[in-house]
Structures are given as C-alpha cells and as structure tokens.
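> Below is work_8.txt; it holds compact mmCIF, N, CA and C atoms.
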# COMPACT_ATOMS: atom_id res chain seq x y z
N MET A 1 -21.63 -30.27 -91.30
CA MET A 1 -21.89 -30.98 -90.06
C MET A 1 -20.71 -31.91 -89.79
N LYS A 2 -19.94 -31.59 -88.76
CA LYS A 2 -18.77 -32.38 -88.41
C LYS A 2 -19.22 -33.66 -87.70
N LYS A 3 -18.65 -34.76 -88.09
CA LYS A 3 -19.03 -36.05 -87.53
C LYS A 3 -18.43 -36.21 -86.12
N LEU A 4 -19.23 -36.76 -85.22
CA LEU A 4 -18.76 -37.03 -83.87
C LEU A 4 -17.87 -38.27 -83.86
N LYS A 5 -16.94 -38.31 -82.94
CA LYS A 5 -16.14 -39.51 -82.78
C LYS A 5 -17.05 -40.59 -82.21
N ASN A 6 -17.00 -41.78 -82.77
CA ASN A 6 -17.84 -42.91 -82.35
C ASN A 6 -19.33 -42.63 -82.56
N GLU A 7 -19.68 -41.87 -83.58
CA GLU A 7 -21.09 -41.49 -83.76
C GLU A 7 -22.01 -42.69 -83.97
N ALA A 8 -21.56 -43.69 -84.71
CA ALA A 8 -22.40 -44.88 -84.94
C ALA A 8 -22.67 -45.62 -83.63
N GLU A 9 -21.63 -45.77 -82.81
CA GLU A 9 -21.80 -46.46 -81.53
C GLU A 9 -22.66 -45.64 -80.57
N LEU A 10 -22.50 -44.31 -80.62
CA LEU A 10 -23.32 -43.44 -79.79
C LEU A 10 -24.79 -43.53 -80.20
N LEU A 11 -25.05 -43.64 -81.49
CA LEU A 11 -26.42 -43.78 -81.97
C LEU A 11 -27.02 -45.09 -81.48
N LYS A 12 -26.25 -46.17 -81.55
CA LYS A 12 -26.75 -47.47 -81.06
C LYS A 12 -27.08 -47.39 -79.58
N LYS A 13 -26.20 -46.76 -78.82
CA LYS A 13 -26.43 -46.61 -77.38
C LYS A 13 -27.67 -45.75 -77.12
N SER A 14 -27.85 -44.69 -77.91
CA SER A 14 -29.02 -43.83 -77.72
C SER A 14 -30.31 -44.57 -78.04
N LEU A 15 -30.27 -45.49 -78.99
CA LEU A 15 -31.46 -46.28 -79.30
C LEU A 15 -31.82 -47.21 -78.14
N VAL A 16 -30.81 -47.82 -77.54
CA VAL A 16 -31.06 -48.72 -76.41
C VAL A 16 -31.62 -47.94 -75.22
N ILE A 17 -30.96 -46.86 -74.86
CA ILE A 17 -31.40 -46.06 -73.71
C ILE A 17 -32.71 -45.35 -74.02
N GLY A 18 -32.86 -44.88 -75.24
CA GLY A 18 -34.10 -44.22 -75.64
C GLY A 18 -35.29 -45.17 -75.58
N GLU A 19 -35.09 -46.42 -75.97
CA GLU A 19 -36.17 -47.40 -75.91
C GLU A 19 -36.56 -47.67 -74.46
N LYS A 20 -35.58 -47.76 -73.58
CA LYS A 20 -35.88 -47.95 -72.15
C LYS A 20 -36.66 -46.74 -71.61
N TYR A 21 -36.26 -45.56 -72.03
CA TYR A 21 -36.95 -44.34 -71.61
C TYR A 21 -38.41 -44.37 -72.09
N ALA A 22 -38.61 -44.78 -73.34
CA ALA A 22 -39.96 -44.83 -73.90
C ALA A 22 -40.83 -45.83 -73.15
N VAL A 23 -40.26 -46.98 -72.79
CA VAL A 23 -41.02 -47.99 -72.04
C VAL A 23 -41.39 -47.44 -70.66
N ASN A 24 -40.46 -46.74 -70.01
CA ASN A 24 -40.75 -46.14 -68.71
C ASN A 24 -41.83 -45.06 -68.80
N ARG A 25 -41.96 -44.46 -69.97
CA ARG A 25 -42.98 -43.44 -70.19
C ARG A 25 -44.34 -44.04 -70.53
N GLY A 26 -44.38 -45.38 -70.69
CA GLY A 26 -45.65 -46.05 -70.95
C GLY A 26 -45.83 -46.54 -72.37
N TYR A 27 -44.82 -46.38 -73.20
CA TYR A 27 -44.92 -46.90 -74.56
C TYR A 27 -44.55 -48.37 -74.56
N LYS A 28 -45.09 -49.11 -75.52
CA LYS A 28 -44.73 -50.51 -75.62
C LYS A 28 -43.36 -50.64 -76.28
N ASN A 29 -42.73 -51.78 -76.11
CA ASN A 29 -41.43 -52.01 -76.72
C ASN A 29 -41.54 -51.96 -78.23
N PHE A 30 -40.44 -51.61 -78.88
CA PHE A 30 -40.38 -51.72 -80.32
C PHE A 30 -40.33 -53.20 -80.67
N SER A 31 -40.99 -53.58 -81.72
CA SER A 31 -40.93 -54.98 -82.13
C SER A 31 -39.67 -55.20 -82.96
N SER A 32 -39.34 -56.45 -83.15
CA SER A 32 -38.14 -56.76 -83.93
C SER A 32 -38.34 -56.43 -85.40
N THR A 33 -39.58 -56.21 -85.81
CA THR A 33 -39.84 -55.87 -87.21
C THR A 33 -39.75 -54.38 -87.48
N ASN A 34 -39.65 -53.56 -86.43
CA ASN A 34 -39.48 -52.12 -86.63
C ASN A 34 -38.09 -51.84 -87.19
N SER A 35 -38.04 -51.01 -88.19
CA SER A 35 -36.74 -50.67 -88.78
C SER A 35 -36.03 -49.65 -87.89
N ALA A 36 -34.73 -49.55 -88.07
CA ALA A 36 -33.94 -48.57 -87.31
C ALA A 36 -34.41 -47.16 -87.64
N LYS A 37 -34.81 -46.95 -88.89
CA LYS A 37 -35.31 -45.64 -89.32
C LYS A 37 -36.54 -45.25 -88.52
N ASP A 38 -37.46 -46.19 -88.33
CA ASP A 38 -38.68 -45.93 -87.55
C ASP A 38 -38.35 -45.66 -86.08
N LYS A 39 -37.42 -46.43 -85.53
CA LYS A 39 -37.03 -46.24 -84.13
C LYS A 39 -36.41 -44.86 -83.93
N ILE A 40 -35.53 -44.48 -84.85
CA ILE A 40 -34.86 -43.18 -84.74
C ILE A 40 -35.88 -42.05 -84.77
N GLU A 41 -36.81 -42.11 -85.72
CA GLU A 41 -37.81 -41.05 -85.82
C GLU A 41 -38.73 -41.03 -84.60
N SER A 42 -39.15 -42.19 -84.14
CA SER A 42 -40.03 -42.26 -82.97
C SER A 42 -39.36 -41.71 -81.72
N LEU A 43 -38.12 -42.12 -81.49
CA LEU A 43 -37.40 -41.64 -80.31
C LEU A 43 -37.11 -40.15 -80.40
N TYR A 44 -36.76 -39.68 -81.58
CA TYR A 44 -36.52 -38.25 -81.78
C TYR A 44 -37.78 -37.47 -81.42
N ARG A 45 -38.91 -37.89 -81.94
CA ARG A 45 -40.17 -37.18 -81.69
C ARG A 45 -40.58 -37.25 -80.22
N LEU A 46 -40.34 -38.38 -79.56
CA LEU A 46 -40.64 -38.50 -78.14
C LEU A 46 -39.78 -37.54 -77.32
N LEU A 47 -38.48 -37.49 -77.61
CA LEU A 47 -37.58 -36.61 -76.87
C LEU A 47 -37.89 -35.14 -77.12
N VAL A 48 -38.30 -34.81 -78.33
CA VAL A 48 -38.70 -33.43 -78.62
C VAL A 48 -39.99 -33.11 -77.87
N ASN A 49 -40.93 -34.03 -77.89
CA ASN A 49 -42.21 -33.83 -77.20
C ASN A 49 -42.01 -33.63 -75.69
N ASP A 50 -41.06 -34.37 -75.11
CA ASP A 50 -40.77 -34.26 -73.67
C ASP A 50 -39.79 -33.13 -73.37
N LYS A 51 -39.42 -32.39 -74.41
CA LYS A 51 -38.51 -31.24 -74.29
C LYS A 51 -37.13 -31.62 -73.74
N LEU A 52 -36.66 -32.82 -74.11
CA LEU A 52 -35.32 -33.25 -73.71
C LEU A 52 -34.28 -32.88 -74.76
N ILE A 53 -34.73 -32.66 -75.98
CA ILE A 53 -33.85 -32.15 -77.02
C ILE A 53 -34.60 -31.05 -77.77
N GLN A 54 -33.83 -30.17 -78.37
CA GLN A 54 -34.42 -29.07 -79.13
C GLN A 54 -34.79 -29.59 -80.52
N PRO A 55 -35.98 -29.26 -81.01
CA PRO A 55 -36.39 -29.75 -82.33
C PRO A 55 -35.55 -29.15 -83.46
N LEU A 56 -35.44 -29.92 -84.51
CA LEU A 56 -34.76 -29.45 -85.71
C LEU A 56 -35.67 -28.50 -86.47
N ALA A 57 -35.08 -27.69 -87.30
CA ALA A 57 -35.87 -26.86 -88.20
C ALA A 57 -36.61 -27.78 -89.17
N VAL A 58 -37.78 -27.40 -89.57
CA VAL A 58 -38.63 -28.25 -90.41
C VAL A 58 -37.91 -28.70 -91.68
N GLU A 59 -37.17 -27.81 -92.30
CA GLU A 59 -36.49 -28.17 -93.55
C GLU A 59 -35.30 -29.12 -93.36
N SER A 60 -34.80 -29.22 -92.14
CA SER A 60 -33.67 -30.14 -91.90
C SER A 60 -34.08 -31.34 -91.06
N GLU A 61 -35.36 -31.64 -91.04
CA GLU A 61 -35.86 -32.78 -90.27
C GLU A 61 -35.77 -34.03 -91.14
N ASP A 62 -34.57 -34.62 -91.18
CA ASP A 62 -34.34 -35.83 -91.95
C ASP A 62 -33.53 -36.81 -91.10
N GLN A 63 -33.32 -38.01 -91.63
CA GLN A 63 -32.65 -39.06 -90.87
C GLN A 63 -31.24 -38.69 -90.40
N PRO A 64 -30.37 -38.15 -91.25
CA PRO A 64 -29.03 -37.82 -90.75
C PRO A 64 -29.04 -36.82 -89.60
N HIS A 65 -29.91 -35.84 -89.67
CA HIS A 65 -29.98 -34.84 -88.60
C HIS A 65 -30.60 -35.42 -87.33
N MET A 66 -31.59 -36.30 -87.48
CA MET A 66 -32.19 -36.95 -86.31
C MET A 66 -31.18 -37.86 -85.62
N LYS A 67 -30.40 -38.58 -86.42
CA LYS A 67 -29.36 -39.45 -85.86
C LYS A 67 -28.36 -38.62 -85.06
N ARG A 68 -27.97 -37.51 -85.63
CA ARG A 68 -27.01 -36.62 -84.95
C ARG A 68 -27.58 -36.09 -83.64
N LYS A 69 -28.85 -35.69 -83.65
CA LYS A 69 -29.49 -35.19 -82.43
C LYS A 69 -29.51 -36.27 -81.35
N LEU A 70 -29.83 -37.51 -81.73
CA LEU A 70 -29.85 -38.60 -80.76
C LEU A 70 -28.44 -38.87 -80.22
N ALA A 71 -27.44 -38.82 -81.09
CA ALA A 71 -26.06 -39.03 -80.64
C ALA A 71 -25.63 -37.92 -79.68
N LEU A 72 -25.98 -36.69 -79.99
CA LEU A 72 -25.64 -35.57 -79.10
C LEU A 72 -26.38 -35.68 -77.77
N TRP A 73 -27.61 -36.16 -77.81
CA TRP A 73 -28.39 -36.34 -76.58
C TRP A 73 -27.71 -37.36 -75.67
N ILE A 74 -27.27 -38.48 -76.24
CA ILE A 74 -26.69 -39.54 -75.41
C ILE A 74 -25.32 -39.11 -74.87
N VAL A 75 -24.60 -38.28 -75.60
CA VAL A 75 -23.31 -37.77 -75.11
C VAL A 75 -23.53 -37.03 -73.78
N LYS A 76 -24.62 -36.30 -73.69
CA LYS A 76 -24.91 -35.54 -72.47
C LYS A 76 -25.40 -36.44 -71.34
N GLN A 77 -25.91 -37.63 -71.67
CA GLN A 77 -26.44 -38.54 -70.67
C GLN A 77 -25.38 -39.46 -70.07
N LEU A 78 -24.33 -39.73 -70.83
CA LEU A 78 -23.30 -40.67 -70.39
C LEU A 78 -22.36 -40.01 -69.38
N PRO A 79 -21.83 -40.81 -68.45
CA PRO A 79 -20.84 -40.26 -67.52
C PRO A 79 -19.57 -39.84 -68.28
N GLU A 80 -18.84 -38.90 -67.71
CA GLU A 80 -17.67 -38.34 -68.39
C GLU A 80 -16.60 -39.37 -68.71
N ASP A 81 -16.50 -40.43 -67.91
CA ASP A 81 -15.46 -41.43 -68.11
C ASP A 81 -15.93 -42.62 -68.95
N HIS A 82 -17.04 -42.51 -69.63
CA HIS A 82 -17.56 -43.60 -70.45
C HIS A 82 -16.64 -43.83 -71.64
N SER A 83 -16.50 -45.09 -72.05
CA SER A 83 -15.55 -45.45 -73.11
C SER A 83 -15.92 -44.83 -74.46
N LEU A 84 -17.18 -44.59 -74.73
CA LEU A 84 -17.58 -44.00 -76.01
C LEU A 84 -17.21 -42.52 -76.13
N LEU A 85 -16.91 -41.88 -75.03
CA LEU A 85 -16.58 -40.46 -75.06
C LEU A 85 -15.09 -40.20 -75.19
N GLU A 86 -14.30 -41.24 -75.22
CA GLU A 86 -12.84 -41.07 -75.32
C GLU A 86 -12.40 -40.83 -76.73
Show me this structure written as structure tokens.

Amino acid sequence: MKKLKNEAELLKKSLVIGEKYAVNRGYKNFSSTNSAKDKIESLYRLLVNDKLIQPLAVESEDQPHMKRKLALWIVKQLPEDHSLLE
C-alpha cells in the first residue's frame, strides 16, 4: 500500500468534513472524549452505509485501511487546486 502525499493531513481534513457530514445526516457531534480511532471507524461505516465509499474486504477491515479509505475519499471531495493535493 503506497502512502499518499500528505496522508496524515488528508485524514485530519476527512475527519472534520466527515463529522460535518454526519451532523447534517442527523447524527450528534462527536464528543471530545471520543478517540480518533472511534471517529475513523464511525465515519468509515457511515460512508460505506451511504454508499459514498466502497467497503473494504472483511479481512482487511482495520485502522490503517480505514484511514486510507477516508484519505482517498477526501481527495475526491477537495477542489483540484487545494493545497493538500499539491
């Protein structure tokens, strides 16, 4: 699995935008006590449920792969001239 350029920053951005998406869908905000691991898994499952991303194979459904899926999702959502895509 080749690492994306700015993958950590893309993941942070996907968590921010993903949380806004979840709130617009009727979910409550994540609390400050929720871990990043919980947020990543929750957002991944929400996006899969809404068919915005393709689900991972069951045997590869782990944190590194979920992080990568969220980063790839946000790459497609950002405008082409966004600083994280350079």
> Find the spatial neighbours of segment 6-14 of chain A, counting only N, CA and C atoms, within a cut-off of 6 Å - ignore same-chain residues fewer than 5 positions away - and output them as a list in words.
Glu19, Leu70, Ala71 and Ile74 of chain A
> Could you please determine the separation between atom C of Glu86 of chain A and atom N of Asp50 of chain A in Å, to one decimal place?
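Taking atom C of Glu86 of chain A and atom N of Asp50 of chain A, their separation equals 29.4 Å.
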> Enter the distance from atom N of His65 of chain A to atom C of Lys37 of chain A, in Å, rounded to one decimal.
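Between atom N of His65 of chain A and atom C of Lys37 of chain A the gap is 11.6 Å.
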> Out of A:Leu85, A:Ala36, A:Leu43, A:Leu4, which residue has the shortest atom-to-atom distance to Ile17 of chain A when counting only C-alpha atoms?
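That would be A:Leu43, the residue with the smallest distance to Ile17 of chain A.
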> Take atom CA of Lys28 of chain A and atom CA of Val16 of chain A and report the distance between them in Å, one decimal.
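If I compute the distance from atom CA of Lys28 of chain A to atom CA of Val16 of chain A, I get 13.8 Å.
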> If you run DSSP on the backbone here, which positions in chain A get alpha helix (DSSP H)? Please write them as a short mmCIF file (atom, residue, chain, number, x, y, z; two decimals) with N, CA and C atoms, in the coordinates of the input.

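Just written: result.cif:
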data_model
loop_
_atom_site.label_atom_id
_atom_site.label_comp_id
_atom_site.auth_asym_id
_atom_site.auth_seq_id
_atom_site.Cartn_x
_atom_site.Cartn_y
_atom_site.Cartn_z
N GLU A 7 -19.68 -41.87 -83.58
CA GLU A 7 -21.09 -41.49 -83.76
C GLU A 7 -22.01 -42.69 -83.97
N ALA A 8 -21.56 -43.69 -84.71
CA ALA A 8 -22.40 -44.88 -84.94
C ALA A 8 -22.67 -45.62 -83.63
N GLU A 9 -21.63 -45.77 -82.81
CA GLU A 9 -21.80 -46.46 -81.53
C GLU A 9 -22.66 -45.64 -80.57
N LEU A 10 -22.50 -44.31 -80.62
CA LEU A 10 -23.32 -43.44 -79.79
C LEU A 10 -24.79 -43.53 -80.20
N LEU A 11 -25.05 -43.64 -81.49
CA LEU A 11 -26.42 -43.78 -81.97
C LEU A 11 -27.02 -45.09 -81.48
N LYS A 12 -26.25 -46.17 -81.55
CA LYS A 12 -26.75 -47.47 -81.06
C LYS A 12 -27.08 -47.39 -79.58
N LYS A 13 -26.20 -46.76 -78.82
CA LYS A 13 -26.43 -46.61 -77.38
C LYS A 13 -27.67 -45.75 -77.12
N SER A 14 -27.85 -44.69 -77.91
CA SER A 14 -29.02 -43.83 -77.72
C SER A 14 -30.31 -44.57 -78.04
N LEU A 15 -30.27 -45.49 -78.99
CA LEU A 15 -31.46 -46.28 -79.30
C LEU A 15 -31.82 -47.21 -78.14
N VAL A 16 -30.81 -47.82 -77.54
CA VAL A 16 -31.06 -48.72 -76.41
C VAL A 16 -31.62 -47.94 -75.22
N ILE A 17 -30.96 -46.86 -74.86
CA ILE A 17 -31.40 -46.06 -73.71
C ILE A 17 -32.71 -45.35 -74.02
N GLY A 18 -32.86 -44.88 -75.24
CA GLY A 18 -34.10 -44.22 -75.64
C GLY A 18 -35.29 -45.17 -75.58
N GLU A 19 -35.09 -46.42 -75.97
CA GLU A 19 -36.17 -47.40 -75.91
C GLU A 19 -36.56 -47.67 -74.46
N LYS A 20 -35.58 -47.76 -73.58
CA LYS A 20 -35.88 -47.95 -72.15
C LYS A 20 -36.66 -46.74 -71.61
N TYR A 21 -36.26 -45.56 -72.03
CA TYR A 21 -36.95 -44.34 -71.61
C TYR A 21 -38.41 -44.37 -72.09
N ALA A 22 -38.61 -44.78 -73.34
CA ALA A 22 -39.96 -44.83 -73.90
C ALA A 22 -40.83 -45.83 -73.15
N VAL A 23 -40.26 -46.98 -72.79
CA VAL A 23 -41.02 -47.99 -72.04
C VAL A 23 -41.39 -47.44 -70.66
N ASN A 24 -40.46 -46.74 -70.01
CA ASN A 24 -40.75 -46.14 -68.71
C ASN A 24 -41.83 -45.06 -68.80
N ALA A 36 -34.73 -49.55 -88.07
CA ALA A 36 -33.94 -48.57 -87.31
C ALA A 36 -34.41 -47.16 -87.64
N LYS A 37 -34.81 -46.95 -88.89
CA LYS A 37 -35.31 -45.64 -89.32
C LYS A 37 -36.54 -45.25 -88.52
N ASP A 38 -37.46 -46.19 -88.33
CA ASP A 38 -38.68 -45.93 -87.55
C ASP A 38 -38.35 -45.66 -86.08
N LYS A 39 -37.42 -46.43 -85.53
CA LYS A 39 -37.03 -46.24 -84.13
C LYS A 39 -36.41 -44.86 -83.93
N ILE A 40 -35.53 -44.48 -84.85
CA ILE A 40 -34.86 -43.18 -84.74
C ILE A 40 -35.88 -42.05 -84.77
N GLU A 41 -36.81 -42.11 -85.72
CA GLU A 41 -37.81 -41.05 -85.82
C GLU A 41 -38.73 -41.03 -84.60
N SER A 42 -39.15 -42.19 -84.14
CA SER A 42 -40.03 -42.26 -82.97
C SER A 42 -39.36 -41.71 -81.72
N LEU A 43 -38.12 -42.12 -81.49
CA LEU A 43 -37.40 -41.64 -80.31
C LEU A 43 -37.11 -40.15 -80.40
N TYR A 44 -36.76 -39.68 -81.58
CA TYR A 44 -36.52 -38.25 -81.78
C TYR A 44 -37.78 -37.47 -81.42
N ARG A 45 -38.91 -37.89 -81.94
CA ARG A 45 -40.17 -37.18 -81.69
C ARG A 45 -40.58 -37.25 -80.22
N LEU A 46 -40.34 -38.38 -79.56
CA LEU A 46 -40.64 -38.50 -78.14
C LEU A 46 -39.78 -37.54 -77.32
N LEU A 47 -38.48 -37.49 -77.61
CA LEU A 47 -37.58 -36.61 -76.87
C LEU A 47 -37.89 -35.14 -77.12
N VAL A 48 -38.30 -34.81 -78.33
CA VAL A 48 -38.70 -33.43 -78.62
C VAL A 48 -39.99 -33.11 -77.87
N ASN A 49 -40.93 -34.03 -77.89
CA ASN A 49 -42.21 -33.83 -77.20
C ASN A 49 -42.01 -33.63 -75.69
N GLN A 63 -33.32 -38.01 -91.63
CA GLN A 63 -32.65 -39.06 -90.87
C GLN A 63 -31.24 -38.69 -90.40
N PRO A 64 -30.37 -38.15 -91.25
CA PRO A 64 -29.03 -37.82 -90.75
C PRO A 64 -29.04 -36.82 -89.60
N HIS A 65 -29.91 -35.84 -89.67
CA HIS A 65 -29.98 -34.84 -88.60
C HIS A 65 -30.60 -35.42 -87.33
N MET A 66 -31.59 -36.30 -87.48
CA MET A 66 -32.19 -36.95 -86.31
C MET A 66 -31.18 -37.86 -85.62
N LYS A 67 -30.40 -38.58 -86.42
CA LYS A 67 -29.36 -39.45 -85.86
C LYS A 67 -28.36 -38.62 -85.06
N ARG A 68 -27.97 -37.51 -85.63
CA ARG A 68 -27.01 -36.62 -84.95
C ARG A 68 -27.58 -36.09 -83.64
N LYS A 69 -28.85 -35.69 -83.65
CA LYS A 69 -29.49 -35.19 -82.43
C LYS A 69 -29.51 -36.27 -81.35
N LEU A 70 -29.83 -37.51 -81.73
CA LEU A 70 -29.85 -38.60 -80.76
C LEU A 70 -28.44 -38.87 -80.22
N ALA A 71 -27.44 -38.82 -81.09
CA ALA A 71 -26.06 -39.03 -80.64
C ALA A 71 -25.63 -37.92 -79.68
N LEU A 72 -25.98 -36.69 -79.99
CA LEU A 72 -25.64 -35.57 -79.10
C LEU A 72 -26.38 -35.68 -77.77
N TRP A 73 -27.61 -36.16 -77.81
CA TRP A 73 -28.39 -36.34 -76.58
C TRP A 73 -27.71 -37.36 -75.67
N ILE A 74 -27.27 -38.48 -76.24
CA ILE A 74 -26.69 -39.54 -75.41
C ILE A 74 -25.32 -39.11 -74.87
N VAL A 75 -24.60 -38.28 -75.60
CA VAL A 75 -23.31 -37.77 -75.11
C VAL A 75 -23.53 -37.03 -73.78
N LYS A 76 -24.62 -36.30 -73.69
CA LYS A 76 -24.91 -35.54 -72.47
C LYS A 76 -25.40 -36.44 -71.34
N GLN A 77 -25.91 -37.63 -71.67
CA GLN A 77 -26.44 -38.54 -70.67
C GLN A 77 -25.38 -39.46 -70.07
#
> Just want the 8 Å neighbourhood of Tyr44 of chain A, counted on all atoms listed in the file, with same-chain residues fewer than 2 positions away dropped. Output as a list of chain:residue names.
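In the requested form, the answer reads A:Gly18, A:Asp38, A:Lys39, A:Ile40, A:Glu41, A:Ser42, A:Leu46, A:Leu47, A:Val48, A:Asn49, A:Asp50, A:Ile53, A:Pro55, A:Met66, A:Lys67, A:Lys69, A:Leu70.
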> Just segment 8-40 of chain A from the block, C-alpha atoms, as an mmCIF file, in the first residue's frame, could you?

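Writing done, so here's part_29.cif:
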data_model
loop_
_atom_site.group_PDB
_atom_site.id
_atom_site.type_symbol
_atom_site.label_atom_id
_atom_site.label_comp_id
_atom_site.auth_asym_id
_atom_site.auth_seq_id
_atom_site.Cartn_x
_atom_site.Cartn_y
_atom_site.Cartn_z
ATOM 1 C CA ALA A 8 -1.955 12.499 7.710
ATOM 2 C CA GLU A 9 -3.270 15.969 6.830
ATOM 3 C CA LEU A 10 -5.806 14.472 4.420
ATOM 4 C CA LEU A 11 -7.043 12.183 7.187
ATOM 5 C CA LYS A 12 -7.460 15.145 9.561
ATOM 6 C CA LYS A 13 -9.399 17.024 6.893
ATOM 7 C CA SER A 14 -11.583 13.980 6.214
ATOM 8 C CA LEU A 15 -12.428 13.736 9.912
ATOM 9 C CA VAL A 16 -13.507 17.385 10.017
ATOM 10 C CA ILE A 17 -15.596 17.178 6.846
ATOM 11 C CA GLY A 18 -16.875 13.714 7.722
ATOM 12 C CA GLU A 19 -18.086 14.940 11.108
ATOM 13 C CA LYS A 20 -19.952 17.815 9.439
ATOM 14 C CA TYR A 21 -21.487 15.322 7.022
ATOM 15 C CA ALA A 22 -22.574 13.094 9.917
ATOM 16 C CA VAL A 23 -24.187 16.034 11.729
ATOM 17 C CA ASN A 24 -26.063 17.008 8.547
ATOM 18 C CA ARG A 25 -27.299 13.414 8.351
ATOM 19 C CA GLY A 26 -28.771 13.720 11.845
ATOM 20 C CA TYR A 27 -26.028 12.261 13.998
ATOM 21 C CA LYS A 28 -24.911 14.110 17.089
ATOM 22 C CA ASN A 29 -21.440 15.623 17.260
ATOM 23 C CA PHE A 30 -18.561 13.509 18.431
ATOM 24 C CA SER A 31 -17.644 14.369 21.979
ATOM 25 C CA SER A 32 -14.169 15.446 22.947
ATOM 26 C CA THR A 33 -13.763 12.130 24.763
ATOM 27 C CA ASN A 34 -14.178 10.087 21.566
ATOM 28 C CA SER A 35 -10.863 8.735 20.376
ATOM 29 C CA ALA A 36 -9.633 9.274 16.833
ATOM 30 C CA LYS A 37 -9.884 5.508 16.352
ATOM 31 C CA ASP A 38 -13.614 5.600 17.167
ATOM 32 C CA LYS A 39 -14.195 8.594 14.887
ATOM 33 C CA ILE A 40 -12.389 6.921 11.995
#
